[in-house]
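In what follows, a structure is listed as structure tokens, so that the remarks can point back to it.
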Amino acid sequence: MPKGWVTAAFVLLGVLLLASFLYHLSRLGGVEEGAGSAGKEGSSIQINPSLPSPASVKVAVEKGATITWEGLDDIRVIGYNIYRYKGDGDSGSRINAAIVSDTVYHDDEGTVFDSYAVVPVDSNGREGVASAPVAAAERPRSISSLEPVRQPEKVADHTFQEHEQQQGQAAGGMLDCTSPGMTYTGDWYLEHYSEVIGGTLMVTPYAGDYFTYTFAGESVAVVSTRHWNYGIMEVYLDGELRAEVDLFADEIRTGEKVFTASGLGPGAHTIKLLCTGRNNPSAFFTFINLEALVVQ
């Protein structure tokens, strides 16, 4: 082989080796950059670790959640992404459709159960360091107007097998919201108040979450609390929409029968309560709740 061909072959081999090295180095850099991204949607976004997290992130809850923060004095920052966390262990989801150029953002669906992180974004679309998730500084009036006996507990996609209060069905067919067989789909919260039936109240703020219970009886009634935080609940019986119940009231009213149905006939029946995500214009939120069912 001519000497010139041998030299060219070695040069080509060197170029290929250098290209392979640079490719693997870029892959490693990409993994390191992506490791600090916030939330599910942010997992594919490269990060710029030199952009610090915003300071003084605060959340106020009233007819949604308003998130505020101090802007970064950095020419590289073109705006911010906002992440919402539904509870402990939730990896979070970005909720702003476009980069936020201001230092305030309102989440129409935000509730007292959510927390938020703010992430700076540079001119290349890379995210900086996320702030620590922050929850609302104050609970809505409903919590302060009913006296909790202990902190709420998150109940996700759960069917009660044993009674929360360790007791059977009460007289008159009353079943409180933690009775065996009651199924809650989605993210619900078990709240504890002395003023409600059985001392417990199951609440969800999330549209699409629902409750189901199968029973044998001629009639059923839904017992709920009404007040200014509660929205509109759809009631289904055996798959048929029977009613839309507006749980709003300008004063707290516990233990109300908000829906009744009779003449159901023999055999098993299934009731379903659905959070619609809608509310009376006067209501603060779209929460729905269940205190108890009355089955006879």
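We label chains A, B, ... in the order they appear in the structure tokens, count residues from 1 in each chain, and number ligands from 1 in the order shown.
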
What lies within 7 Å of Ala221 (chain A) using only C-alpha atoms, ignoring chain neighbours under 4 positions off, as a VMD selection string? chain A and resid 257 259 to 261 293 to 295

Atoms kept (C-alpha atoms) for selection, written as an mmCIF file, in the first residue's frame:
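The resulting file, result38.cif, is shown below:
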data_model
loop_
_atom_site.group_PDB
_atom_site.id
_atom_site.type_symbol
_atom_site.label_atom_id
_atom_site.label_comp_id
_atom_site.auth_asym_id
_atom_site.auth_seq_id
_atom_site.Cartn_x
_atom_site.Cartn_y
_atom_site.Cartn_z
ATOM 1 C CA LYS A 257 -78.686 15.139 53.126
ATOM 2 C CA PHE A 259 -79.169 13.774 47.625
ATOM 3 C CA THR A 260 -81.755 11.029 48.166
ATOM 4 C CA ALA A 261 -83.140 8.267 45.967
ATOM 5 C CA LEU A 293 -74.336 7.445 53.288
ATOM 6 C CA VAL A 294 -77.725 6.364 54.588
ATOM 7 C CA VAL A 295 -78.743 2.981 53.145
#

Contacts of region 199-214 of chain A at 7 Å (only C-alpha atoms; same-chain gap of 2+ positions) as number ranges by chain: A: 111, 177, 181-197, 268-277, 286-291

Would you mind listing what lies within 7 Å of region 251-255 of chain A as a VMD selection string, with only C-alpha atoms counted and same-chain residues fewer than 6 positions away left out? chain A and resid 196 to 197 223 to 228

Report, in Å to a single decimal, how far apart CA of Gly71 (chain A) and CA of Asp90 (chain A) are. 25.9 Å

Using DSSP on the backbone, list every residue of region 41-118 of chain A that comes out as strand (DSSP E), and give them as a ChimeraX atom specification. /A:55-61,65-70,77-85,93-94,104-107,115-118

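When the distance limit is 12 Å and only C-alpha atoms are what count, the residues near Gly173 (chain A), minus those fewer than 5 positions from it on the same chain, are A:Gly168, A:Ser179, A:Phe215, A:Ala216, A:Gly217, A:Glu218, A:Ser219, A:Val220, A:Ala221, A:Val222, A:Ala292, A:Leu293, A:Val294, A:Val295, A:Gln296.
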
Go ahead and write the residues just picked, C-alpha atoms, as a compact mmCIF listing (two decimals), in the first residue's frame.
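Resulting contents of selection_23.txt:
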# COMPACT_ATOMS: atom_id res chain seq x y z
CA GLY A 168 -70.24 -1.33 62.32
CA SER A 179 -66.99 2.22 56.11
CA PHE A 215 -74.96 -1.74 48.49
CA ALA A 216 -78.22 -3.67 48.79
CA GLY A 217 -81.19 -1.51 49.73
CA GLU A 218 -84.31 0.25 48.51
CA SER A 219 -83.00 3.76 49.16
CA VAL A 220 -79.80 5.74 49.58
CA ALA A 221 -78.97 9.25 50.76
CA VAL A 222 -75.71 11.22 50.51
CA ALA A 292 -71.77 9.49 55.20
CA LEU A 293 -74.34 7.45 53.29
CA VAL A 294 -77.73 6.36 54.59
CA VAL A 295 -78.74 2.98 53.15
CA GLN A 296 -82.13 1.43 53.91

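Every protein, DNA or RNA residue with an atom at most 8 Å from His106 (chain A), where only C-alpha atoms count and chain neighbours fewer than 6 positions away do not, is listed here: Gly64, Ala65, Thr66 and Ile67 of chain A.
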
Quick one: everything within 7 Å of region 112-124 of chain A, counting only C-alpha atoms, minus sequence neighbours fewer than 2 positions away in the same chain. Send it as number ranges by chain. A: 51, 53-54, 61, 76-87, 110, 126-136, 139

Could you please write out, as a PyMOL selection string, every residue of region 85-165 of chain A that DSSP assigns to alpha helix (DSSP H)? chain A and resi 141-145

Atoms to include: C-alpha atoms. Write the selected residues as a short mmCIF file (atom, residue, chain, number, x, y, z; two decimals), in the first residue's frame.
data_model
loop_
_atom_site.label_atom_id
_atom_site.label_comp_id
_atom_site.auth_asym_id
_atom_site.auth_seq_id
_atom_site.Cartn_x
_atom_site.Cartn_y
_atom_site.Cartn_z
CA ARG A 141 -61.48 29.72 56.17
CA SER A 142 -63.25 26.36 56.13
CA ILE A 143 -60.42 24.71 58.04
CA SER A 144 -60.27 27.41 60.70
CA SER A 145 -64.07 27.42 61.10
#

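Rounded to one decimal, CA of Val59 (chain A) and CA of Tyr105 (chain A) lie 9.7 Å from each other.
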